[in-house]
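Colleague: Quick one: the structure is below, and I'll ask about it shortly.
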Protein chains: 2
Amino acid sequence: MTDNVAERSRPRDRILETAQDMFHKHGIKGVGVDAITEAAGTNKMTLYRHFESKDDLIIECLRATAAKASRIWDEFETRHPGDKLAQLHAWVRKASEMLSADSRGCDMANAAVELSETDHPARRVIKELKDAQRERLVALCRDAGIGQAELLADTLSLLLEGARVSMQSVGAEGPSAQFVRMAESLIASFRAR
Amino acid sequence: MTDNVAERSRPRDRILETAQDMFHKHGIKGVGVDAITEAAGTNKMTLYRHFESKDDLIIECLRATAAKASRIWDEFETRHPGDKLAQLHAWVRKASEMLSADSRGCDMANAAVELSETDHPARRVIKELKDAQRERLVALCRDAGIGQAELLADTLSLLLEGARVSMQSVGAEGPSAQFVRMAESLIASFRAR
DNA sequence: TCAGGAAGTTACAGACCGGTAACACCCTAG
DNA sequence: CTAGGGTGTTACCGGTCTGTAACTTCCTGA
């Protein structure tokens with residue numbers, strides 16, 4: 001019998017991948033370690049041999065998700081080498097692809113909402129990773145020759161963050177449907193200054 | 001002994017108010033009915049005499065929160081009667097006040113993130129209430145004489161939604177700090193068209 | 001071949017959760 | 001005064017959760 005996750009990888013990798021998927025779909029507090037291990041084709045003991053706790057697993061999942069996002073960023077550079085403006089437009093396009101009907105939004109933002117305890121160990125990791133992504137978008141805007149790069153980057157960040165969370169409240173036909181239009185006209189307006 | 005919530009109101013009102021506060025601070029799945037009733041100075045049986053279930057309580061809390069927001073909207077009209085543009089600026093100001101350092105964002109958006117089950121009874125209520133708020137902002141923009149009122153309203157919606165969720169990830173010093181600036185220049189740009 | 005470590009299995013502890021039953025109390029309306 | 005409804009109290013049910021213990025099985029590498 002074949003599982004939804006690659007059967008012949010190591011248990012730790014299967015757990016990590018399955019946990020990412022299930023946390024994304026059902027939320028962190030909405031899925032237990034038993035359900036994760038079962039879906040990963042293994043068991044709870046093996047999970048706790050590889051991860052100190054569920055919180056540790058959560059953190060590793062967030063890091064893995066951020067690493068995936070980072071790889072997508074790398075693609076922008078390889079696809080449009082040197083052309084920072086093209087890379088920015090690629091970012092907009094890629095961002096809009098994340099606004100499909102059944103998306104559950106950004107894992108890090110969702111985790112920040114779910115893990116309300118101010119001293120939760122995942123919170124500092126979320127901030128680290130989000131700050132890094134913000135800095136990367138600022139750098140892209142700046143290298144694209146845009147004045148007020150920080151302001152543009154922050155505006156685009158808020159638009160995307162808002163679109164991803166809005167989708168979960170009112171669906172893909174709500175305000176988030178206009179994301180590309182908003183982002184593109186924003187970039188054009190900043191370039192004209 | 002005095003409680004954090006008015007002692008001499010009816011149990012149902014105390015429960016509703018306390019639940020709103022605790023759901024906002026700790027999240028829906030982060031607080032149990034026992035904790036709510038204790039903080040409200042009553043007990044679980046009384047809660048279940050007034051609410052069918054925890055889900056029912058959640059829905060009533062969301063409706064109450066939306067009603068509060070609606071009252072704030074009414075204030076805009078009484079404070080700037082007939083002056084729709086001034087009301088729009090008041091909206092921006094009021095929205096920015098919600099971005100204080102320890103805010104936990106929008107209850108409805110947070111609930112949509114937490115309640116990942118697609119058939120959860122609260123989800124349709126969230127969509128109803130959010131749609132109504134969207135329509136109200138669109139009407140305000142339109143009555144303020146702005147062309148493309150829908151697009152401006154949706155952009156402002158996404159910016160605010162993004163700011164409120166961004167705060168929970170990276171804090172009030174992140175991109176959300178620029179919300180007023182973004183919103184005001186956006187309004188100006190739409191008015192100039 | 002065989003030793004050792006990784007992984008699977010079963011059972012359990014301890015806590016918390018939503019929700020209900022049964023009963024005692026108290027306050028007010030008639 | 002008294003009946004009755006709203007409320008408080010205690011105990012409980014069945015389920016789920018994270019995390020651990022003890023033991024077995026299996027696979028690999030020397």
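Chain labels A, B, ... are given in the sequence in which chains occur in the structure tokens; within each chain residues are numbered consecutively from 1, and ligands are likewise numbered from 1 in the order shown.
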Which residues of chain D sit at most 10 Å from region 6-23 of chain C, using only C-alpha atoms (C1' of nucleotides)? Give each one's shortest atom pair and distance in Å (one decimal place), in chain and ascending residue order, as JSON lines.

Modeller:
{"residue": "D:DT9", "atom": "C1'", "partner": "C:DC23", "partner_atom": "C1'", "distance": 8.6}
{"residue": "D:DT10", "atom": "C1'", "partner": "C:DC23", "partner_atom": "C1'", "distance": 9.1}
{"residue": "D:DA11", "atom": "C1'", "partner": "C:DA21", "partner_atom": "C1'", "distance": 8.9}
{"residue": "D:DC12", "atom": "C1'", "partner": "C:DA21", "partner_atom": "C1'", "distance": 8.3}
{"residue": "D:DC13", "atom": "C1'", "partner": "C:DT20", "partner_atom": "C1'", "distance": 8.2}
{"residue": "D:DG14", "atom": "C1'", "partner": "C:DG19", "partner_atom": "C1'", "distance": 10.0}
{"residue": "D:DG15", "atom": "C1'", "partner": "C:DC17", "partner_atom": "C1'", "distance": 8.2}
{"residue": "D:DT16", "atom": "C1'", "partner": "C:DC17", "partner_atom": "C1'", "distance": 7.4}
{"residue": "D:DC17", "atom": "C1'", "partner": "C:DC16", "partner_atom": "C1'", "distance": 7.6}
{"residue": "D:DT18", "atom": "C1'", "partner": "C:DA15", "partner_atom": "C1'", "distance": 9.0}
{"residue": "D:DG19", "atom": "C1'", "partner": "C:DA13", "partner_atom": "C1'", "distance": 9.0}
{"residue": "D:DT20", "atom": "C1'", "partner": "C:DA13", "partner_atom": "C1'", "distance": 8.2}
{"residue": "D:DA21", "atom": "C1'", "partner": "C:DC12", "partner_atom": "C1'", "distance": 8.4}
{"residue": "D:DA22", "atom": "C1'", "partner": "C:DA11", "partner_atom": "C1'", "distance": 9.2}
{"residue": "D:DC23", "atom": "C1'", "partner": "C:DT9", "partner_atom": "C1'", "distance": 8.4}
{"residue": "D:DT24", "atom": "C1'", "partner": "C:DT9", "partner_atom": "C1'", "distance": 7.5}
{"residue": "D:DT25", "atom": "C1'", "partner": "C:DG8", "partner_atom": "C1'", "distance": 7.2}
{"residue": "D:DC26", "atom": "C1'", "partner": "C:DA7", "partner_atom": "C1'", "distance": 7.9}
{"residue": "D:DC27", "atom": "C1'", "partner": "C:DA6", "partner_atom": "C1'", "distance": 8.4}
{"residue": "D:DT28", "atom": "C1'", "partner": "C:DA6", "partner_atom": "C1'", "distance": 9.9}

Colleague: Please save C-alpha atoms (C1' of nucleotides) of the selected residues as a short mmCIF file (atom, residue, chain, number, x, y, z; two decimals), in the first residue's frame.

Modeller:
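Now in out_17.cif:
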data_model
loop_
_atom_site.label_atom_id
_atom_site.label_comp_id
_atom_site.auth_asym_id
_atom_site.auth_seq_id
_atom_site.Cartn_x
_atom_site.Cartn_y
_atom_site.Cartn_z
"C1'" DT D 9 -22.47 23.17 43.03
"C1'" DT D 10 -20.56 18.76 42.50
"C1'" DA D 11 -19.68 14.90 40.14
"C1'" DC D 12 -19.25 12.55 36.25
"C1'" DC D 13 -18.82 10.71 31.11
"C1'" DG D 14 -16.25 9.77 27.10
"C1'" DG D 15 -12.95 11.50 24.32
"C1'" DT D 16 -8.49 13.64 22.99
"C1'" DC D 17 -4.11 15.43 23.83
"C1'" DT D 18 1.26 15.33 24.67
"C1'" DG D 19 4.73 12.58 26.18
"C1'" DT D 20 7.04 8.19 28.14
"C1'" DA D 21 8.32 3.20 29.28
"C1'" DA D 22 9.42 -1.29 28.00
"C1'" DC D 23 9.83 -4.46 24.78
"C1'" DT D 24 10.25 -6.50 20.06
"C1'" DT D 25 11.56 -6.53 15.26
"C1'" DC D 26 14.23 -5.46 11.45
"C1'" DC D 27 17.99 -3.79 8.69
"C1'" DT D 28 22.58 -2.69 7.90
#

Colleague: List the neighbours of Ala40 (chain A) out to 6 Å using only C-alpha atoms (C1' of nucleotides); skip same-chain residues closer than 6 positions along the sequence, and give me the result as a ChimeraX atom specification.

Modeller: /A:14-15,18

Colleague: Which residues of chain D come within 10 Å of chain B, and what is each one's closest atom pair and distance in Å (one decimal), counting only C-alpha atoms (C1' of nucleotides), sorted by chain and residue number, as a Markdown table?

Modeller:
| residue | atom | partner | partner_atom | distance |
| --- | --- | --- | --- | --- |
| D:DG6 | C1' | B:Thr46 | CA | 9.0 |
| D:DT7 | C1' | B:Thr46 | CA | 7.0 |
| D:DG8 | C1' | B:Asn43 | CA | 7.4 |
| D:DT9 | C1' | B:Asn43 | CA | 8.9 |

Colleague: Write down, as a list in words, each residue of chain B that has any atom within 6 Å of an atom of chain A, counting only C-alpha atoms.

Modeller: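 Filtering chain B at 6 Å from chain A with only C-alpha atoms gives His26, Ala109, Ala112, Ser116, Lys127, Asp154, Leu158, Leu159, Glu161, Gly162, Ala163, Gln168, Ser169, Val170 and Pro175 of chain B.
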
Colleague: Selection from above, C-alpha atoms, as a CSV table (one decimal), in the first residue's frame, can you write it?

Modeller:
chain,number,residue,atom,x,y,z
B,26,HIS,CA,-5.9,33.6,23.7
B,109,ALA,CA,-10.0,36.8,10.6
B,112,ALA,CA,-11.2,31.9,10.1
B,116,SER,CA,-10.0,25.3,9.6
B,127,LYS,CA,-18.2,35.5,5.6
B,154,ASP,CA,-10.7,46.4,-1.5
B,158,LEU,CA,-6.3,44.2,2.3
B,159,LEU,CA,-3.9,46.8,3.7
B,161,GLU,CA,-6.1,43.0,7.1
B,162,GLY,CA,-2.5,42.6,6.3
B,163,ALA,CA,-1.4,45.1,8.9
B,168,GLN,CA,1.2,39.4,15.1
B,169,SER,CA,4.1,38.0,13.2
B,170,VAL,CA,6.7,40.8,13.4
B,175,PRO,CA,5.4,47.0,7.8

Colleague: Residues near region 77-88 of chain B, anyone? I mean within 7 Å using only C-alpha atoms (C1' of nucleotides), not counting same-chain ones fewer than 6 positions away, as a list in words.

Modeller: Leu140, Asp143 and Ala144 of chain B

Colleague: Select, from B:Tyr48, B:Phe76, B:Trp91, B:Phe23, the residue with the minimum atom-to-atom distance to chain C, counting only C-alpha atoms (C1' of nucleotides).

Modeller: B:Tyr48

Colleague: Determine which residues of region 74-174 of chain B receive a DSSP assignment of alpha helix (DSSP H), computed from the backbone, and state them as a PyMOL selection string.

Modeller: chain B and resi 74-79+84-97+107-114+121-143+149-170

Colleague: If we count only C-alpha atoms (C1' of nucleotides), which residues of chain B reach to within 8 Å of chain C? Please list them as a list in words.

Modeller: Gly32, Val33 and Lys54 of chain B

Colleague: With N, CA and C atoms retained, could you export that selection as a CSV table (one decimal), in the first residue's frame?

Modeller:
chain,number,residue,atom,x,y,z
B,32,GLY,N,-10.8,27.3,27.1
B,32,GLY,CA,-11.9,26.4,27.3
B,32,GLY,C,-13.1,27.0,28.0
B,33,VAL,N,-14.2,26.4,27.9
B,33,VAL,CA,-15.5,26.9,28.5
B,33,VAL,C,-15.3,27.1,30.0
B,54,LYS,N,-20.3,25.4,22.5
B,54,LYS,CA,-19.2,26.3,22.4
B,54,LYS,C,-19.2,27.0,21.1

Colleague: What separation in Å, quoted to one decimal, exists between CA of Pro121 (chain B) and CA of Cys106 (chain B)?

Modeller: 18.5 Å

Colleague: For a test of reading the model, state the distance in Å between CA of Gln133 (chain A) and CA of Val180 (chain A), rounded to one decimal.

Modeller: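 A separation of 19.4 Å between them.
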